[in-house]
Amino acid sequence: MTPIAQNIAAIKAQLPAGVELVAVSKFHPVEALMEAYDAGQRIFGENRAQELAAKAPQMPADVQWHFIGHLQTNKVRLAVQHATMIQSVDSARLLALISKEAVKLGRTVDVLLQLHVAQEEAKTGFSVEELLAALTVEELQGLPGVRIRGMMAMASLTDDRQQIAREFALVKSTFDLVREEFFADEPAFDTLSMGMSDDWPIAVEHGSTHVRIGTAIFGPRQY
Ligand SMILES: *Cc1c(COP(=O)(O)O)cnc(C)c1O
């Protein structure tokens with residue numbers, strides 16, 4: 001087994017059944033992704049549209065690409081062309097643009113609404129209040145070409161495990177509330193993406209269905 005295959009096997013052995021592993025492959029070469037693919041990995045996460053567009057044609061067609069970065073307006077088309085899921089929808093305007101491009105391309109894209117719960121200002125996403133307000137005025141629902149599958153979030157970058165646990169608990173309770181209030185009739189609203197290399201076990205304890213793991217699979221990124 002290659003080191004990448006070993007890392008994937010070790011993580012999968014600890015993941016509860018039903019929790020999906022998104023291998024975050026940003027900044028890593030296609031050779032590394034192929035090692036993961038050969039180990040059975042099929043879902044890959046990228047955070048830059050151009051990098052995604054460059055890698056996608058070089059990988060087998062059954063790879064599912066999840067876009068996980070802040071998506072700029074002028075990159076929406078590229079992301080929609082290549083991603084099966086856009087996890088990082090952080091505004092109603094962005095969702096409308098994704099819908100428009102998806103319709104043009106004759107596609108339906110799965111999306112997650114990104115919630116901002118971390119202390120860092122730089123992280124993007126809806127606040128809880130903003131998200132509930134947008135859903136209440138039905139700014140996000142009913143758009144063609146997009147299917148809202150759930151929510152994504154990142155915890156603060158901190159060693160304080162209690163704080164991370166509090167943030168993931170807030171995401172989970174918001175997810176449950178949103179599902180109950182706004183998506184009760186939509187069984188496809190089933191995805192809660194949270195947890196990265198350093199905090200994924202805490203995320204899984206709090207109901208994550210998709211962990212996004214880069215460093216613990218591929219090693220440090222070469223920027
Ligand atoms: C880079 C990234 C990850 C993976 O981070 P690691 O610490 O390398 O596991 C997960 N989620 C998002 C949104 C990212 O940008």
# chains A, B, ... in the order shown; residues from 1 in each chain; ligands from 1
call {"tool": "residues_near_ligand", "arguments": {"ligand": "ligand 1", "cutoff": "9 Å", "atoms": "only C-alpha atoms and all ligand atoms", "output": "ChimeraX atom specification"}}
result
/A:22-26,45-47,67-70,87-88,152-154,193-200,211-221
call {"tool": "residues_around", "arguments": {"residues": "A:Arg107", "least_positions_apart": "6", "cutoff": "9 Å", "atoms": "only C-alpha atoms", "output": "list in words"}}
result
Val80, Gln81, Glu101, Gly145 and Val146 of chain A
call {"tool": "residues_around", "arguments": {"residues": "A:Asp38", "least_positions_apart": "3", "cutoff": "12 Å", "atoms": "only C-alpha atoms", "output": "list in words"}}
result
Met1, Thr2, Ile4, Ala5, Gln6, Ile8, Ala9, Glu31, Ala32, Leu33, Met34, Glu35, Gln41, Arg42, Met59, Pro60 and Val63 of chain A
call {"tool": "write_last_selection", "arguments": {"atoms": "N, CA and C atoms", "output": "JSON list (two decimals), in the first residue's frame"}}
result
[["chain", "number", "residue", "atom", "x", "y", "z"],
["A", 1, "MET", "N", 0.84, -1.21, 0.00],
["A", 1, "MET", "CA", 0.00, 0.00, 0.00],
["A", 1, "MET", "C", 0.87, 1.25, 0.00],
["A", 2, "THR", "N", 0.47, 2.23, -0.76],
["A", 2, "THR", "CA", 1.17, 3.52, -0.74],
["A", 2, "THR", "C", 0.78, 4.27, 0.54],
["A", 4, "ILE", "N", -0.55, 7.15, 0.81],
["A", 4, "ILE", "CA", -1.89, 7.75, 0.64],
["A", 4, "ILE", "C", -2.97, 6.69, 0.84],
["A", 5, "ALA", "N", -2.76, 5.51, 0.28],
["A", 5, "ALA", "CA", -3.74, 4.43, 0.46],
["A", 5, "ALA", "C", -3.84, 4.04, 1.93],
["A", 6, "GLN", "N", -2.70, 4.03, 2.62],
["A", 6, "GLN", "CA", -2.71, 3.71, 4.06],
["A", 6, "GLN", "C", -3.49, 4.74, 4.86],
["A", 8, "ILE", "N", -5.89, 6.69, 3.80],
["A", 8, "ILE", "CA", -7.32, 6.55, 3.51],
["A", 8, "ILE", "C", -7.90, 5.36, 4.27],
["A", 9, "ALA", "N", -7.17, 4.25, 4.26],
["A", 9, "ALA", "CA", -7.67, 3.06, 4.96],
["A", 9, "ALA", "C", -7.81, 3.33, 6.45],
["A", 31, "GLU", "N", -1.09, 12.81, -9.85],
["A", 31, "GLU", "CA", -0.52, 11.50, -9.47],
["A", 31, "GLU", "C", -0.98, 11.11, -8.06],
["A", 32, "ALA", "N", -1.00, 12.09, -7.17],
["A", 32, "ALA", "CA", -1.43, 11.81, -5.79],
["A", 32, "ALA", "C", -2.92, 11.47, -5.77],
["A", 33, "LEU", "N", -3.70, 12.18, -6.58],
["A", 33, "LEU", "CA", -5.13, 11.90, -6.64],
["A", 33, "LEU", "C", -5.37, 10.49, -7.18],
["A", 34, "MET", "N", -4.56, 10.09, -8.18],
["A", 34, "MET", "CA", -4.71, 8.75, -8.75],
["A", 34, "MET", "C", -4.39, 7.66, -7.73],
["A", 35, "GLU", "N", -3.42, 7.95, -6.85],
["A", 35, "GLU", "CA", -3.13, 6.98, -5.78],
["A", 35, "GLU", "C", -4.37, 6.80, -4.89],
["A", 41, "GLN", "N", -10.96, 5.70, -3.56],
["A", 41, "GLN", "CA", -11.56, 7.02, -3.28],
["A", 41, "GLN", "C", -12.23, 7.58, -4.54],
["A", 42, "ARG", "N", -13.45, 8.08, -4.40],
["A", 42, "ARG", "CA", -14.15, 8.62, -5.57],
["A", 42, "ARG", "C", -14.58, 10.07, -5.41],
["A", 59, "MET", "N", -8.64, 12.89, -14.72],
["A", 59, "MET", "CA", -9.03, 11.83, -13.79],
["A", 59, "MET", "C", -10.17, 11.00, -14.39],
["A", 60, "PRO", "N", -10.36, 9.77, -13.93],
["A", 60, "PRO", "CA", -11.44, 8.94, -14.47],
["A", 60, "PRO", "C", -12.81, 9.60, -14.32],
["A", 63, "VAL", "N", -15.17, 10.01, -11.04],
["A", 63, "VAL", "CA", -14.83, 10.86, -9.89],
["A", 63, "VAL", "C", -15.94, 11.88, -9.68]]
call {"tool": "atom_distance", "arguments": {"atom1": "atom CA of A:Pro201", "atom2": "atom CA of A:Val111"}}
result
23.7 Å
call {"tool": "select_by_dssp", "arguments": {"residues": "stretch 108-222 of chain A", "states": "helix (DSSP H, G or I)", "output": "VMD selection string"}}
result
chain A and resid 128 to 136 161 to 182 200 to 205 215 to 218
call {"tool": "closest_residue", "arguments": {"among": "A:Ala17, A:Leu105, A:Leu71, A:Met85", "to": "A:Ile43", "atoms": "only C-alpha atoms"}}
result
A:Met85
call {"tool": "residues_around", "arguments": {"residues": "A:Arg77", "least_positions_apart": "3", "cutoff": "12 Å", "atoms": "only C-alpha atoms", "output": "compact mmCIF listing (two decimals) with N, CA, C and O atoms, in the first residue's frame"}}
result
# COMPACT_ATOMS: atom_id res chain seq x y z
N ALA A 49 -11.54 27.04 -8.91
CA ALA A 49 -12.24 26.55 -10.10
C ALA A 49 -11.26 26.17 -11.21
O ALA A 49 -11.45 25.17 -11.90
N GLN A 50 -10.20 26.97 -11.36
CA GLN A 50 -9.27 26.65 -12.45
C GLN A 50 -8.52 25.35 -12.20
O GLN A 50 -8.27 24.58 -13.13
N LEU A 52 -9.64 22.86 -10.45
CA LEU A 52 -10.63 21.80 -10.68
C LEU A 52 -10.76 21.51 -12.18
O LEU A 52 -10.72 20.34 -12.60
N ALA A 53 -10.87 22.58 -12.97
CA ALA A 53 -11.05 22.40 -14.42
C ALA A 53 -9.83 21.75 -15.06
O ALA A 53 -9.95 21.01 -16.04
N LEU A 71 -16.39 30.89 -4.05
CA LEU A 71 -16.57 30.88 -5.51
C LEU A 71 -16.81 32.30 -6.01
O LEU A 71 -17.80 32.93 -5.67
N GLN A 72 -15.86 32.77 -6.83
CA GLN A 72 -16.01 34.11 -7.40
C GLN A 72 -17.00 34.06 -8.55
O GLN A 72 -17.09 33.07 -9.28
N THR A 73 -17.68 35.17 -8.73
CA THR A 73 -18.72 35.29 -9.76
C THR A 73 -18.26 34.81 -11.13
O THR A 73 -18.96 34.07 -11.82
N ASN A 74 -17.05 35.23 -11.50
CA ASN A 74 -16.58 34.90 -12.86
C ASN A 74 -16.07 33.47 -12.99
O ASN A 74 -15.63 33.06 -14.06
N VAL A 80 -19.53 24.98 -12.21
CA VAL A 80 -20.76 24.24 -12.55
C VAL A 80 -20.45 23.16 -13.60
O VAL A 80 -21.03 22.07 -13.56
N GLN A 81 -19.54 23.47 -14.51
CA GLN A 81 -19.18 22.49 -15.54
C GLN A 81 -18.60 21.22 -14.95
O GLN A 81 -18.82 20.14 -15.46
N HIS A 82 -17.83 21.36 -13.88
CA HIS A 82 -17.05 20.22 -13.42
C HIS A 82 -17.51 19.62 -12.09
O HIS A 82 -17.22 18.46 -11.81
N ALA A 83 -18.20 20.40 -11.26
CA ALA A 83 -18.51 19.91 -9.92
C ALA A 83 -19.86 19.19 -9.90
O ALA A 83 -20.81 19.62 -10.53
N ILE A 86 -21.50 21.79 -5.19
CA ILE A 86 -20.83 23.01 -4.73
C ILE A 86 -21.20 23.19 -3.27
O ILE A 86 -22.36 23.45 -2.94
N LEU A 94 -24.98 34.27 -5.22
CA LEU A 94 -24.17 33.19 -5.79
C LEU A 94 -25.07 32.01 -6.20
O LEU A 94 -24.89 31.43 -7.27
N LEU A 97 -26.69 32.71 -9.45
CA LEU A 97 -25.75 32.59 -10.57
C LEU A 97 -25.49 31.13 -10.92
O LEU A 97 -25.41 30.75 -12.10
N ILE A 98 -25.34 30.31 -9.89
CA ILE A 98 -25.13 28.87 -10.12
C ILE A 98 -26.34 28.31 -10.87
O ILE A 98 -26.19 27.55 -11.84
N SER A 99 -27.52 28.71 -10.44
CA SER A 99 -28.75 28.24 -11.09
C SER A 99 -28.76 28.63 -12.56
O SER A 99 -29.04 27.80 -13.44
N LYS A 100 -28.42 29.87 -12.83
CA LYS A 100 -28.42 30.37 -14.22
C LYS A 100 -27.46 29.57 -15.11
O LYS A 100 -27.81 29.15 -16.22
N GLU A 101 -26.24 29.36 -14.60
CA GLU A 101 -25.25 28.63 -15.39
C GLU A 101 -25.65 27.16 -15.55
O GLU A 101 -25.45 26.56 -16.60
N ALA A 102 -26.20 26.59 -14.50
CA ALA A 102 -26.61 25.18 -14.56
C ALA A 102 -27.71 25.00 -15.61
O ALA A 102 -27.69 24.04 -16.39
N VAL A 103 -28.65 25.92 -15.64
CA VAL A 103 -29.73 25.84 -16.63
C VAL A 103 -29.17 25.95 -18.04
O VAL A 103 -29.52 25.17 -18.93
N LYS A 104 -28.23 26.90 -18.22
CA LYS A 104 -27.59 27.06 -19.53
C LYS A 104 -26.90 25.79 -19.98
O LYS A 104 -26.90 25.45 -21.16
N LEU A 105 -26.28 25.10 -19.03
CA LEU A 105 -25.53 23.90 -19.36
C LEU A 105 -26.41 22.65 -19.32
O LEU A 105 -25.94 21.54 -19.55
N ARG A 107 -27.77 21.24 -16.71
CA ARG A 107 -27.36 20.38 -15.61
C ARG A 107 -28.13 20.69 -14.33
O ARG A 107 -28.71 21.77 -14.20
N VAL A 109 -27.07 20.86 -10.35
CA VAL A 109 -25.93 20.81 -9.43
C VAL A 109 -26.45 20.71 -8.01
O VAL A 109 -27.33 21.46 -7.61
